[in-house]
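> Have a look at this one before I ask anything.
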Amino acid sequence: MATPFTDTPKLGVKPLVTVLATDLASGADKPQARLGSQVWGSDGKRYVYAQANASISASTAVCTVNATTFLATASGGSYTSPATAMVAGDQGWFAAASV
């Protein structure tokens, strides 16, 4: 399957890119979106921009994204983490299967 891209009219969204906490802290990089932003991908999935609350392995399929803080954890949820491993403070797009 081709690399997913957003079907939602938002500029700069790259669903497979993770923004590192160290780059955010140093100003070397900026968040791609506000935490909690949602877009639809060309692969039919809904993506939510969230921040890792702890270490999360690449492509973990059981992530939870808190609906108020938008902090993600690698346990018991229905989201899949980005394809790169994350540490606490990293930000990225978490995918959920659409209906």
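Labeling convention for the structure tokens: chains A, B, ... as they appear, residues from 1 per chain, ligands from 1 in order of appearance.
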Just asking: which residues within chain A are strand (DSSP E) according to DSSP, as a PyMOL selection string?
chain A and resi 38-40+46-52+64-65+71-73+79-80+91-96
> Can you tell me, as a list in words, which residues in chain A count as alpha helix (DSSP H) by DSSP?
Ala21, Thr22, Asp23, Leu24, Ala25 and Ser26 of chain A
> Write the residues of the preceding selection, restricted to all heavy atoms, as an mmCIF file, in the first residue's frame.

```cif
data_model
loop_
_atom_site.group_PDB
_atom_site.id
_atom_site.type_symbol
_atom_site.label_atom_id
_atom_site.label_comp_id
_atom_site.auth_asym_id
_atom_site.auth_seq_id
_atom_site.Cartn_x
_atom_site.Cartn_y
_atom_site.Cartn_z
ATOM 1 N N ALA A 21 10.955 15.024 21.241
ATOM 2 C CA ALA A 21 10.847 15.930 22.387
ATOM 3 C C ALA A 21 12.075 16.823 22.495
ATOM 4 O O ALA A 21 11.960 18.004 22.814
ATOM 5 C CB ALA A 21 10.662 15.124 23.672
ATOM 6 N N THR A 22 13.254 16.274 22.204
ATOM 7 C CA THR A 22 14.486 17.073 22.296
ATOM 8 C C THR A 22 14.481 18.204 21.266
ATOM 9 O O THR A 22 14.941 19.303 21.557
ATOM 10 C CB THR A 22 15.730 16.189 22.088
ATOM 11 O OG1 THR A 22 15.578 15.439 20.877
ATOM 12 C CG2 THR A 22 15.925 15.228 23.244
ATOM 13 N N ASP A 23 13.956 17.938 20.073
ATOM 14 C CA ASP A 23 13.869 18.977 19.046
ATOM 15 C C ASP A 23 12.831 20.037 19.412
ATOM 16 O O ASP A 23 13.013 21.223 19.135
ATOM 17 C CB ASP A 23 13.536 18.370 17.679
ATOM 18 C CG ASP A 23 14.687 17.548 17.114
ATOM 19 O OD1 ASP A 23 15.835 17.723 17.578
ATOM 20 O OD2 ASP A 23 14.438 16.736 16.215
ATOM 21 N N LEU A 24 11.731 19.613 20.033
ATOM 22 C CA LEU A 24 10.722 20.571 20.481
ATOM 23 C C LEU A 24 11.294 21.477 21.571
ATOM 24 O O LEU A 24 11.099 22.692 21.544
ATOM 25 C CB LEU A 24 9.483 19.837 21.019
ATOM 26 C CG LEU A 24 8.634 19.113 19.986
ATOM 27 C CD1 LEU A 24 7.630 18.198 20.677
ATOM 28 C CD2 LEU A 24 7.926 20.106 19.084
ATOM 29 N N ALA A 25 12.011 20.876 22.517
ATOM 30 C CA ALA A 25 12.569 21.643 23.636
ATOM 31 C C ALA A 25 13.629 22.631 23.182
ATOM 32 O O ALA A 25 13.726 23.746 23.708
ATOM 33 C CB ALA A 25 13.150 20.692 24.685
ATOM 34 N N SER A 26 14.428 22.262 22.187
ATOM 35 C CA SER A 26 15.508 23.132 21.729
ATOM 36 C C SER A 26 15.041 24.154 20.702
ATOM 37 O O SER A 26 15.773 25.082 20.366
ATOM 38 C CB SER A 26 16.634 22.292 21.114
ATOM 39 O OG SER A 26 16.218 21.734 19.876
#
```
> Looking at A:Gln51, A:Thr64, A:Gln32, A:Gln38, which one is nearest to Gly76 in chain A, with distances taken over only C-alpha atoms?
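Distance minimum relative to Gly76 in chain A lands on A:Thr64.
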> Within 10 Å of Ser81 in chain A, counting only C-alpha atoms, which residues qualify if same-chain residues fewer than 3 places away don't, as number ranges by chain?
A: 16, 18, 47, 50, 52, 56-65, 72-74, 78, 84-86, 92-96
> Do a neighbour search on Gly36 in chain A at 9 Å with only C-alpha atoms, toss out local chain neighbours closer than 4 positions, and write the hits as a ChimeraX atom specification.
/A:48-50,67-70
